$ cat model.pdb   # PDB, C-alpha atoms and all ligand atoms
ATOM      1  CA  MET Q   1     133.871 140.791 -34.515
ATOM      2  CA  ARG Q   2     130.601 142.663 -34.504
ATOM      3  CA  LYS Q   3     127.935 141.151 -32.280
ATOM      4  CA  LEU Q   4     124.444 140.675 -33.661
ATOM      5  CA  LEU Q   5     121.834 143.026 -32.217
ATOM      6  CA  VAL Q   6     118.125 142.256 -32.198
ATOM      7  CA  ALA Q   7     116.239 145.477 -31.456
ATOM      8  CA  GLY Q   8     112.493 145.890 -31.000
ATOM      9  CA  ASN Q   9     110.886 149.177 -32.047
ATOM     10  CA  TRP Q  10     107.498 149.156 -30.362
ATOM     11  CA  LYS Q  11     106.353 152.399 -32.012
ATOM     12  CA  LEU Q  12     103.011 153.683 -30.639
ATOM     13  CA  ASN Q  13     101.995 150.428 -28.983
ATOM     14  CA  GLY Q  14     101.708 149.036 -25.511
ATOM     15  CA  SER Q  15     100.379 149.678 -22.049
ATOM     16  CA  ILE Q  16     101.894 149.360 -18.595
ATOM     17  CA  ALA Q  17     100.668 145.777 -18.350
ATOM     18  CA  MET Q  18     101.898 144.816 -21.793
ATOM     19  CA  THR Q  19     105.318 146.357 -21.156
ATOM     20  CA  ALA Q  20     105.704 144.470 -17.899
ATOM     21  CA  ASP Q  21     104.570 141.174 -19.447
ATOM     22  CA  LEU Q  22     106.588 141.500 -22.631
ATOM     23  CA  ILE Q  23     109.787 142.379 -20.777
ATOM     24  CA  SER Q  24     109.478 139.480 -18.363
ATOM     25  CA  GLU Q  25     108.596 137.028 -21.140
ATOM     26  CA  ILE Q  26     111.573 138.158 -23.217
ATOM     27  CA  ILE Q  27     113.933 137.840 -20.258
ATOM     28  CA  GLU Q  28     112.592 134.381 -19.479
ATOM     29  CA  GLY Q  29     112.853 133.270 -23.090
ATOM     30  CA  LEU Q  30     116.406 134.462 -23.756
ATOM     31  CA  PRO Q  31     119.256 132.020 -23.285
ATOM     32  CA  ASN Q  32     121.123 132.486 -19.983
ATOM     33  CA  GLU Q  33     124.370 133.057 -21.771
ATOM     34  CA  LYS Q  34     124.086 134.780 -25.072
ATOM     35  CA  ASN Q  35     126.563 136.114 -27.515
ATOM     36  CA  PHE Q  36     124.261 138.660 -29.132
ATOM     37  CA  ASP Q  37     122.623 141.857 -27.886
ATOM     38  CA  VAL Q  38     118.952 142.586 -27.412
ATOM     39  CA  ALA Q  39     117.386 146.040 -27.158
ATOM     40  CA  ILE Q  40     113.864 147.396 -26.910
ATOM     41  CA  PHE Q  41     112.494 150.828 -27.776
ATOM     42  CA  PRO Q  42     109.170 151.245 -25.966
ATOM     43  CA  PRO Q  43     107.211 154.528 -25.899
ATOM     44  CA  PHE Q  44     108.824 157.111 -23.586
ATOM     45  CA  VAL Q  45     106.286 156.678 -20.778
ATOM     46  CA  TYR Q  46     107.229 153.016 -20.317
ATOM     47  CA  LEU Q  47     110.960 153.671 -19.998
ATOM     48  CA  PRO Q  48     110.835 153.943 -16.181
ATOM     49  CA  LEU Q  49     109.275 150.488 -16.153
ATOM     50  CA  ALA Q  50     112.000 149.199 -18.458
ATOM     51  CA  ASN Q  51     114.514 150.807 -16.113
ATOM     52  CA  THR Q  52     113.289 148.805 -13.140
ATOM     53  CA  SER Q  53     112.618 145.528 -14.911
ATOM     54  CA  VAL Q  54     115.094 144.710 -17.681
ATOM     55  CA  GLY Q  55     118.137 143.910 -15.577
ATOM     56  CA  ASN Q  56     121.268 143.284 -17.613
ATOM     57  CA  ALA Q  57     119.713 141.092 -20.272
ATOM     58  CA  ILE Q  58     118.251 143.823 -22.436
ATOM     59  CA  LYS Q  59     119.243 147.343 -23.401
ATOM     60  CA  TYR Q  60     116.570 149.939 -23.959
ATOM     61  CA  GLY Q  61     116.061 153.423 -25.252
ATOM     62  CA  GLY Q  62     113.730 156.039 -26.687
ATOM     63  CA  GLN Q  63     112.290 156.073 -30.199
ATOM     64  CA  THR Q  64     113.493 159.615 -30.813
ATOM     65  CA  VAL Q  65     115.159 162.414 -28.848
ATOM     66  CA  SER Q  66     115.153 166.185 -28.895
ATOM     67  CA  GLU Q  67     118.039 167.944 -30.545
ATOM     68  CA  HIS Q  68     117.785 170.526 -27.736
ATOM     69  CA  GLU Q  69     119.201 170.367 -24.229
ATOM     70  CA  SER Q  70     116.293 172.051 -22.442
ATOM     71  CA  GLY Q  71     113.944 174.994 -22.764
ATOM     72  CA  ALA Q  72     110.650 175.938 -24.379
ATOM     73  CA  TYR Q  73     110.167 172.904 -26.629
ATOM     74  CA  THR Q  74     106.760 171.529 -25.644
ATOM     75  CA  GLY Q  75     106.487 167.771 -25.876
ATOM     76  CA  GLU Q  76     110.189 167.107 -26.340
ATOM     77  CA  ILE Q  77     112.397 164.714 -24.353
ATOM     78  CA  SER Q  78     116.131 165.393 -24.047
ATOM     79  CA  ALA Q  79     119.052 163.007 -24.267
ATOM     80  CA  ALA Q  80     119.962 163.826 -20.650
ATOM     81  CA  MET Q  81     116.465 162.776 -19.551
ATOM     82  CA  LEU Q  82     116.785 159.461 -21.379
ATOM     83  CA  LYS Q  83     120.187 158.905 -19.856
ATOM     84  CA  GLU Q  84     118.790 159.593 -16.401
ATOM     85  CA  LEU Q  85     116.294 156.773 -16.976
ATOM     86  CA  GLY Q  86     119.117 154.368 -17.700
ATOM     87  CA  CYS Q  87     118.705 154.314 -21.491
ATOM     88  CA  GLN Q  88     121.788 153.170 -23.365
ATOM     89  CA  MET Q  89     120.495 153.754 -26.878
ATOM     90  CA  VAL Q  90     118.087 155.913 -28.872
ATOM     91  CA  LEU Q  91     116.584 155.679 -32.346
ATOM     92  CA  VAL Q  92     117.115 158.696 -34.570
ATOM     93  CA  GLY Q  93     115.719 159.387 -38.012
ATOM     94  CA  HIS Q  94     113.225 156.560 -38.305
ATOM     95  CA  SER Q  95     111.426 156.926 -41.643
ATOM     96  CA  GLU Q  96     108.132 157.525 -39.819
ATOM     97  CA  ARG Q  97     109.730 160.513 -38.051
ATOM     98  CA  ARG Q  98     111.170 161.729 -41.339
ATOM     99  CA  SER Q  99     107.895 161.488 -43.232
ATOM    100  CA  TYR Q 100     105.107 162.153 -40.683
ATOM    101  CA  TYR Q 101     106.947 164.666 -38.510
ATOM    102  CA  LYS Q 102     109.036 166.235 -41.241
ATOM    103  CA  GLU Q 103     112.356 165.628 -39.533
ATOM    104  CA  SER Q 104     115.103 166.656 -41.926
ATOM    105  CA  SER Q 105     118.500 165.040 -42.196
ATOM    106  CA  ALA Q 106     119.894 168.209 -40.564
ATOM    107  CA  ASN Q 107     117.555 167.807 -37.530
ATOM    108  CA  ILE Q 108     118.428 164.144 -37.318
ATOM    109  CA  ALA Q 109     122.143 164.885 -37.334
ATOM    110  CA  LYS Q 110     121.602 167.204 -34.355
ATOM    111  CA  LYS Q 111     119.663 164.493 -32.526
ATOM    112  CA  PHE Q 112     122.506 162.063 -33.206
ATOM    113  CA  GLN Q 113     124.946 164.609 -31.797
ATOM    114  CA  ALA Q 114     122.784 165.217 -28.702
ATOM    115  CA  ALA Q 115     122.630 161.464 -28.069
ATOM    116  CA  LEU Q 116     126.408 161.086 -28.288
ATOM    117  CA  LYS Q 117     126.973 164.057 -26.023
ATOM    118  CA  HIS Q 118     125.016 162.319 -23.275
ATOM    119  CA  GLY Q 119     126.569 158.906 -23.725
ATOM    120  CA  LEU Q 120     123.690 157.300 -25.599
ATOM    121  CA  THR Q 121     124.318 155.094 -28.626
ATOM    122  CA  PRO Q 122     122.322 156.564 -31.509
ATOM    123  CA  VAL Q 123     120.714 154.119 -33.921
ATOM    124  CA  LEU Q 124     120.597 156.092 -37.154
ATOM    125  CA  CYS Q 125     117.819 154.864 -39.443
ATOM    126  CA  CYS Q 126     118.094 155.340 -43.165
ATOM    127  CA  GLY Q 127     116.439 153.944 -46.248
ATOM    128  CA  GLU Q 128     114.747 154.684 -49.534
ATOM    129  CA  THR Q 129     111.109 154.746 -50.608
ATOM    130  CA  LEU Q 130     109.806 152.433 -53.323
ATOM    131  CA  GLU Q 131     109.748 155.308 -55.786
ATOM    132  CA  GLN Q 132     113.379 156.127 -55.032
ATOM    133  CA  ARG Q 133     114.406 152.480 -55.413
ATOM    134  CA  GLU Q 134     112.589 152.212 -58.708
ATOM    135  CA  SER Q 135     114.241 155.320 -60.022
ATOM    136  CA  GLY Q 136     117.667 153.954 -59.117
ATOM    137  CA  VAL Q 137     118.644 156.470 -56.426
ATOM    138  CA  THR Q 138     118.781 154.157 -53.376
ATOM    139  CA  GLU Q 139     122.518 154.667 -52.822
ATOM    140  CA  LYS Q 140     122.282 158.421 -53.210
ATOM    141  CA  VAL Q 141     119.389 158.661 -50.735
ATOM    142  CA  VAL Q 142     121.146 156.537 -48.130
ATOM    143  CA  ALA Q 143     124.471 158.329 -48.661
ATOM    144  CA  ASP Q 144     122.817 161.740 -48.215
ATOM    145  CA  GLN Q 145     121.128 160.590 -44.993
ATOM    146  CA  ILE Q 146     124.395 159.290 -43.545
ATOM    147  CA  ASN Q 147     126.628 162.081 -44.865
ATOM    148  CA  ALA Q 148     124.433 164.700 -43.160
ATOM    149  CA  VAL Q 149     125.454 163.112 -39.847
ATOM    150  CA  ILE Q 150     129.118 162.696 -40.791
ATOM    151  CA  GLU Q 151     129.240 166.385 -41.711
ATOM    152  CA  LEU Q 152     128.102 167.385 -38.232
ATOM    153  CA  VAL Q 153     129.845 164.892 -35.950
ATOM    154  CA  GLY Q 154     132.637 163.524 -38.131
ATOM    155  CA  ILE Q 155     133.243 159.867 -38.812
ATOM    156  CA  GLU Q 156     134.409 159.507 -35.175
ATOM    157  CA  GLY Q 157     130.765 159.962 -34.172
ATOM    158  CA  PHE Q 158     130.132 156.497 -35.587
ATOM    159  CA  ALA Q 159     132.609 154.817 -33.258
ATOM    160  CA  ASN Q 160     129.733 154.462 -30.807
ATOM    161  CA  ALA Q 161     126.709 154.254 -33.056
ATOM    162  CA  VAL Q 162     124.506 151.803 -34.904
ATOM    163  CA  ILE Q 163     123.018 152.218 -38.366
ATOM    164  CA  ALA Q 164     119.691 150.653 -39.317
ATOM    165  CA  TYR Q 165     118.998 150.284 -43.013
ATOM    166  CA  GLU Q 166     115.242 150.197 -43.392
ATOM    167  CA  PRO Q 167     113.844 150.383 -46.897
ATOM    168  CA  VAL Q 168     110.589 152.320 -46.431
ATOM    169  CA  TRP Q 169     108.738 149.961 -48.790
ATOM    170  CA  ALA Q 170     109.527 147.020 -46.520
ATOM    171  CA  ILE Q 171     108.388 148.588 -43.235
ATOM    172  CA  GLY Q 172     105.170 147.119 -41.920
ATOM    173  CA  THR Q 173     104.237 145.865 -45.378
ATOM    174  CA  GLY Q 174     105.171 142.219 -45.036
ATOM    175  CA  LYS Q 175     107.525 142.771 -48.017
ATOM    176  CA  THR Q 176     111.080 142.063 -46.938
ATOM    177  CA  ALA Q 177     114.074 143.063 -48.980
ATOM    178  CA  SER Q 178     115.748 139.859 -50.130
ATOM    179  CA  SER Q 179     118.914 139.087 -48.231
ATOM    180  CA  GLU Q 180     120.903 139.945 -51.378
ATOM    181  CA  GLN Q 181     119.116 143.280 -51.832
ATOM    182  CA  ALA Q 182     119.737 144.165 -48.199
ATOM    183  CA  GLN Q 183     123.361 142.995 -48.252
ATOM    184  CA  GLU Q 184     124.038 145.139 -51.299
ATOM    185  CA  VAL Q 185     122.953 148.315 -49.497
ATOM    186  CA  HIS Q 186     124.679 147.299 -46.242
ATOM    187  CA  ALA Q 187     127.948 146.782 -48.125
ATOM    188  CA  PHE Q 188     127.461 150.150 -49.781
ATOM    189  CA  ILE Q 189     126.952 151.810 -46.370
ATOM    190  CA  ARG Q 190     130.131 150.213 -45.047
ATOM    191  CA  SER Q 191     132.074 151.327 -48.104
ATOM    192  CA  LEU Q 192     130.723 154.843 -47.661
ATOM    193  CA  LEU Q 193     131.988 154.919 -44.061
ATOM    194  CA  SER Q 194     135.323 153.419 -45.055
ATOM    195  CA  LEU Q 195     135.982 156.409 -47.319
ATOM    196  CA  LYS Q 196     136.565 158.226 -44.008
ATOM    197  CA  SER Q 197     137.758 155.424 -41.722
ATOM    198  CA  ASP Q 198     138.225 151.757 -42.422
ATOM    199  CA  THR Q 199     138.423 150.951 -38.731
ATOM    200  CA  ILE Q 200     135.125 152.601 -37.904
ATOM    201  CA  ALA Q 201     133.446 151.176 -41.014
ATOM    202  CA  HIS Q 202     134.260 147.683 -39.794
ATOM    203  CA  LEU Q 203     133.161 148.407 -36.264
ATOM    204  CA  VAL Q 204     129.689 149.883 -36.842
ATOM    205  CA  PRO Q 205     126.818 147.412 -36.529
ATOM    206  CA  ILE Q 206     124.433 147.814 -39.467
ATOM    207  CA  LEU Q 207     120.966 146.433 -38.750
ATOM    208  CA  TYR Q 208     118.360 145.587 -41.334
ATOM    209  CA  GLY Q 209     114.762 146.617 -40.684
ATOM    210  CA  GLY Q 210     111.557 145.967 -42.612
ATOM    211  CA  SER Q 211     109.256 143.010 -41.962
ATOM    212  CA  VAL Q 212     111.880 140.889 -40.197
ATOM    213  CA  LYS Q 213     110.325 137.721 -38.730
ATOM    214  CA  GLY Q 214     111.478 134.458 -37.238
ATOM    215  CA  SER Q 215     111.207 132.884 -40.667
ATOM    216  CA  ASN Q 216     113.529 135.279 -42.512
ATOM    217  CA  ALA Q 217     115.868 136.454 -39.743
ATOM    218  CA  LYS Q 218     118.463 133.732 -40.178
ATOM    219  CA  GLU Q 219     118.906 134.320 -43.876
ATOM    220  CA  LEU Q 220     119.173 138.080 -43.418
ATOM    221  CA  PHE Q 221     121.453 137.999 -40.363
ATOM    222  CA  SER Q 222     123.848 135.540 -41.958
ATOM    223  CA  MET Q 223     124.799 138.034 -44.668
ATOM    224  CA  GLN Q 224     128.276 139.455 -44.261
ATOM    225  CA  ASP Q 225     127.303 143.063 -43.570
ATOM    226  CA  ILE Q 226     123.998 142.523 -41.763
ATOM    227  CA  ASP Q 227     124.510 142.660 -38.020
ATOM    228  CA  GLY Q 228     121.007 142.047 -36.772
ATOM    229  CA  GLY Q 229     117.626 143.659 -37.131
ATOM    230  CA  LEU Q 230     115.382 146.512 -36.084
ATOM    231  CA  ILE Q 231     112.042 144.848 -35.636
ATOM    232  CA  GLY Q 232     108.664 146.592 -35.604
ATOM    233  CA  GLY Q 233     105.560 144.404 -35.798
ATOM    234  CA  ALA Q 234     107.284 141.211 -34.712
ATOM    235  CA  SER Q 235     108.667 142.865 -31.560
ATOM    236  CA  LEU Q 236     105.214 143.218 -30.030
ATOM    237  CA  THR Q 237     104.768 139.627 -28.905
ATOM    238  CA  SER Q 238     107.371 137.667 -27.019
ATOM    239  CA  GLU Q 239     106.767 134.654 -29.230
ATOM    240  CA  ASP Q 240     107.604 136.487 -32.457
ATOM    241  CA  PHE Q 241     110.465 138.488 -30.963
ATOM    242  CA  LEU Q 242     112.044 135.470 -29.292
ATOM    243  CA  ALA Q 243     111.804 133.513 -32.555
ATOM    244  CA  ILE Q 244     114.068 136.157 -34.094
ATOM    245  CA  CYS Q 245     116.386 136.152 -31.054
ATOM    246  CA  GLN Q 246     116.646 132.399 -31.388
ATOM    247  CA  GLN Q 247     117.973 132.758 -34.939
ATOM    248  CA  ALA Q 248     120.509 135.312 -33.701
ATOM    249  CA  ASP Q 249     121.525 132.841 -31.001
ATOM    250  CA  VAL Q 250     122.060 130.048 -33.514
ATOM    251  CA  LEU Q 251     124.231 132.312 -35.658
ATOM    252  CA  SER Q 252     126.203 133.603 -32.663
ATOM    253  CA  SER Q 253     127.062 130.344 -30.953
TER     254      SER Q 253
HETATM  255  P1  LIG N   1     108.399 146.279 -39.270
HETATM  256  O1  LIG N   1     109.009 147.705 -38.812
HETATM  257  O2  LIG N   1     109.279 145.216 -38.696
HETATM  258  O3  LIG N   1     107.015 146.272 -38.724
HETATM  259  O4  LIG N   1     108.424 146.272 -40.772
HETATM  260  C1  LIG N   1     110.378 147.939 -38.763
HETATM  261  C2  LIG N   1     110.660 149.352 -38.317
HETATM  262  O5  LIG N   1     109.928 150.278 -38.700
HETATM  263  O6  LIG N   1     111.616 149.607 -37.544
END

$ encode --input "model.pdb" --output "structure tokens"
Amino acid sequence: MRKLLVAGNWKLNGSIAMTADLISEIIEGLPNEKNFDVAIFPPFVYLPLANTSVGNAIKYGGQTVSEHESGAYTGEISAAMLKELGCQMVLVGHSERRSYYKESSANIAKKFQAALKHGLTPVLCCGETLEQRESGVTEKVVADQINAVIELVGIEGFANAVIAYEPVWAIGTGKTASSEQAQEVHAFIRSLLSLKSDTIAHLVPILYGGSVKGSNAKELFSMQDIDGGLIGGASLTSEDFLAICQQADVLSS
């Protein structure tokens, strides 16, 4: 059985004080015994604070990672550096990285590979724009994004990975994909993986991301192929984030 994962992508938000407060409020608000996983992705500079304050209740990681090991790459952070800070996971290929920073699927595949090499679980984000959805190419877009990674690391690379399906039109817009719309793409992603390995296809957690809130989490997470959420806006206050965790708890107990 795949465990639900509720993951908070803080993006470019926070401060030292907010990180400390949010982490302690989340820890306090989570059930003592839980059957689902929680992860946070704060900005890089707050990872040392996460390292000393999250304990075992929460996993954490970076929002991106360099495809390089070391060298003259100003501003980059390597997978080894994240690992040294105790990160267990890392986001790769978020649509904001793809569109604002021109990360290609080939770059993203290399980041995924770098993460695996250093024992980090990559969370591969994929998803279509509104224009792509309206022109009927959602499955092709998502398949291309995932196949670029399979080509580099093989299907085995997904044995320790997470996929996050995030339709670009639903990110930060308040527009959520309906649970049926999301389920349809999640099932497609699983079928795509099962062309290479049924076992791995059934193992990989596939998160949904895009305006997930306490009020829609239960409906989304109860779909057969939706294994939790990657949460942006609603991960920035403990109240909103814990409301989503609470739904995951109900579904997991
Ligand atoms: P959102 O962001 O929850 O604010 O829509 C999700 C994401 O970008 O990961």

$ resolve_selection --input "model.pdb" --expression "the PyMOL selection byres (((chain Q and resi 197-212) around 8) and not hetatm)" --output "VMD selection string"
chain Q and resid 1 to 5 155 to 156 158 to 177 182 186 190 to 191 193 to 196 213 to 214 216 to 217 220 225 to 234

$ closest_residue --input "model.pdb" --among "Q:Gly127, Q:Gly29, Q:Gly154, Q:Pro122" --to "ligand LIG 1 (chain N)" --atoms "only C-alpha atoms and all ligand atoms"
Q:Gly127

$ axis_aligned_box --input "model.pdb" --around "ligand LIG 1 (chain N)" --padding-each-side "5 Å" --output "lines of an AutoDock Vina configuration file"
center_x = 109.3
center_y = 147.7
center_z = -39.2
size_x = 14.6
size_y = 15.1
size_z = 13.2

$ closest_residue --input "model.pdb" --among "Q:Ser70, Q:Asn56, Q:Gln224, Q:Ser178" --to "Val38 of chain Q" --atoms "all atoms listed in the file"
Q:Asn56

$ residues_around --input "model.pdb" --residues "Leu82 of chain Q" --least-positions-apart "5" --cutoff "8 Å" --atoms "all atoms listed in the file" --output "PyMOL selection string"
chain Q and resi 61-62+77+87

$ atom_distance --input "model.pdb" --atom1 "atom CA of Leu30 of chain Q" --atom2 "atom CA of Lys59 of chain Q"
13.2 Å

$ closest_residue --input "model.pdb" --among "Q:Asn35, Q:Ser222, Q:Asn9, Q:Ser215" --to "ligand LIG 1 (chain N)" --atoms "all atoms listed in the file"
Q:Asn9

$ closest_residue --input "model.pdb" --among "Q:Ile40, Q:Met18, Q:Ala57, Q:Leu242" --to "Leu91 of chain Q" --atoms "all atoms listed in the file"
Q:Ile40

$ atom_distance --input "model.pdb" --atom1 "atom CA of Glu103 of chain Q" --atom2 "atom CA of Glu84 of chain Q"
24.8 Å

$ atom_distance --input "model.pdb" --atom1 "atom CA of Ser66 of chain Q" --atom2 "atom CA of Ile27 of chain Q"
29.7 Å

$ residues_around --input "model.pdb" --residues "segment 113-115 of chain Q" --least-positions-apart "4" --cutoff "8 Å" --atoms "all atoms listed in the file" --output "ChimeraX atom specification"
/Q:65-69,79,90,109,119-122,152-153,157

$ resolve_selection --input "model.pdb" --expression "the PyMOL selection byres (((chain Q and resi 248) around 8) and not hetatm)" --output "list in words"
Leu4, Leu5, Val6, Phe36, Ala217, Lys218, Phe221, Gly228, Ile244, Cys245, Gln246, Gln247, Asp249, Val250, Leu251 and Ser252 of chain Q

$ closest_residue --input "model.pdb" --among "Q:Ser15, Q:Asn51, Q:Thr74, Q:Gln63" --to "ligand LIG 1 (chain N)" --atoms "only C-alpha atoms and all ligand atoms"
Q:Gln63

$ closest_residue --input "model.pdb" --among "Q:Gln145, Q:Thr64, Q:Ser104, Q:Ser95" --to "ligand LIG 1 (chain N)" --atoms "only C-alpha atoms and all ligand atoms"
Q:Ser95

$ residues_around --input "model.pdb" --residues "Ile146 of chain Q" --least-positions-apart "5" --cutoff "9 Å" --atoms "only C-alpha atoms" --output "PyMOL selection string"
chain Q and resi 105+109+124-126+141+151+163+189+192-193

$ build_atoms --input "model.pdb" --residues "segment 169-184 of chain Q" --atoms "N, CA and C atoms" --output "PDB file, keeping the file's coordinate frame"
ATOM      1  N   TRP Q 169     109.730 150.840 -48.160  1.00  0.00           N
ATOM      2  CA  TRP Q 169     108.738 149.961 -48.790  1.00  0.00           C
ATOM      3  C   TRP Q 169     108.634 148.604 -48.098  1.00  0.00           C
ATOM      4  N   ALA Q 170     109.556 148.320 -47.206  1.00  0.00           N
ATOM      5  CA  ALA Q 170     109.527 147.020 -46.520  1.00  0.00           C
ATOM      6  C   ALA Q 170     109.014 147.148 -45.083  1.00  0.00           C
ATOM      7  N   ILE Q 171     108.786 148.392 -44.633  1.00  0.00           N
ATOM      8  CA  ILE Q 171     108.388 148.588 -43.235  1.00  0.00           C
ATOM      9  C   ILE Q 171     106.899 148.357 -43.063  1.00  0.00           C
ATOM     10  N   GLY Q 172     106.569 147.374 -42.252  1.00  0.00           N
ATOM     11  CA  GLY Q 172     105.170 147.119 -41.920  1.00  0.00           C
ATOM     12  C   GLY Q 172     104.335 146.619 -43.092  1.00  0.00           C
ATOM     13  N   THR Q 173     104.986 146.253 -44.179  1.00  0.00           N
ATOM     14  CA  THR Q 173     104.237 145.865 -45.378  1.00  0.00           C
ATOM     15  C   THR Q 173     104.232 144.358 -45.585  1.00  0.00           C
ATOM     16  N   GLY Q 174     105.050 143.653 -44.817  1.00  0.00           N
ATOM     17  CA  GLY Q 174     105.171 142.219 -45.036  1.00  0.00           C
ATOM     18  C   GLY Q 174     106.137 141.916 -46.184  1.00  0.00           C
ATOM     19  N   LYS Q 175     106.555 142.948 -46.919  1.00  0.00           N
ATOM     20  CA  LYS Q 175     107.525 142.771 -48.017  1.00  0.00           C
ATOM     21  C   LYS Q 175     108.915 142.958 -47.444  1.00  0.00           C
ATOM     22  N   THR Q 176     109.719 141.914 -47.447  1.00  0.00           N
ATOM     23  CA  THR Q 176     111.080 142.063 -46.938  1.00  0.00           C
ATOM     24  C   THR Q 176     112.005 142.243 -48.127  1.00  0.00           C
ATOM     25  N   ALA Q 177     113.036 143.041 -47.947  1.00  0.00           N
ATOM     26  CA  ALA Q 177     114.074 143.063 -48.980  1.00  0.00           C
ATOM     27  C   ALA Q 177     114.680 141.658 -48.989  1.00  0.00           C
ATOM     28  N   SER Q 178     115.083 141.165 -50.127  1.00  0.00           N
ATOM     29  CA  SER Q 178     115.748 139.859 -50.130  1.00  0.00           C
ATOM     30  C   SER Q 178     117.084 140.045 -49.423  1.00  0.00           C
ATOM     31  N   SER Q 179     117.654 138.943 -48.948  1.00  0.00           N
ATOM     32  CA  SER Q 179     118.914 139.087 -48.231  1.00  0.00           C
ATOM     33  C   SER Q 179     119.987 139.678 -49.148  1.00  0.00           C
ATOM     34  N   GLU Q 180     119.907 139.379 -50.446  1.00  0.00           N
ATOM     35  CA  GLU Q 180     120.903 139.945 -51.378  1.00  0.00           C
ATOM     36  C   GLU Q 180     120.687 141.443 -51.557  1.00  0.00           C
ATOM     37  N   GLN Q 181     119.408 141.843 -51.679  1.00  0.00           N
ATOM     38  CA  GLN Q 181     119.116 143.280 -51.832  1.00  0.00           C
ATOM     39  C   GLN Q 181     119.599 144.053 -50.607  1.00  0.00           C
ATOM     40  N   ALA Q 182     119.333 143.485 -49.426  1.00  0.00           N
ATOM     41  CA  ALA Q 182     119.737 144.165 -48.199  1.00  0.00           C
ATOM     42  C   ALA Q 182     121.260 144.199 -48.107  1.00  0.00           C
ATOM     43  N   GLN Q 183     121.900 143.071 -48.342  1.00  0.00           N
ATOM     44  CA  GLN Q 183     123.361 142.995 -48.252  1.00  0.00           C
ATOM     45  C   GLN Q 183     124.030 144.033 -49.166  1.00  0.00           C
ATOM     46  N   GLU Q 184     123.457 144.198 -50.349  1.00  0.00           N
ATOM     47  CA  GLU Q 184     124.038 145.139 -51.299  1.00  0.00           C
ATOM     48  C   GLU Q 184     124.080 146.555 -50.699  1.00  0.00           C
TER      49      GLU Q 184
END
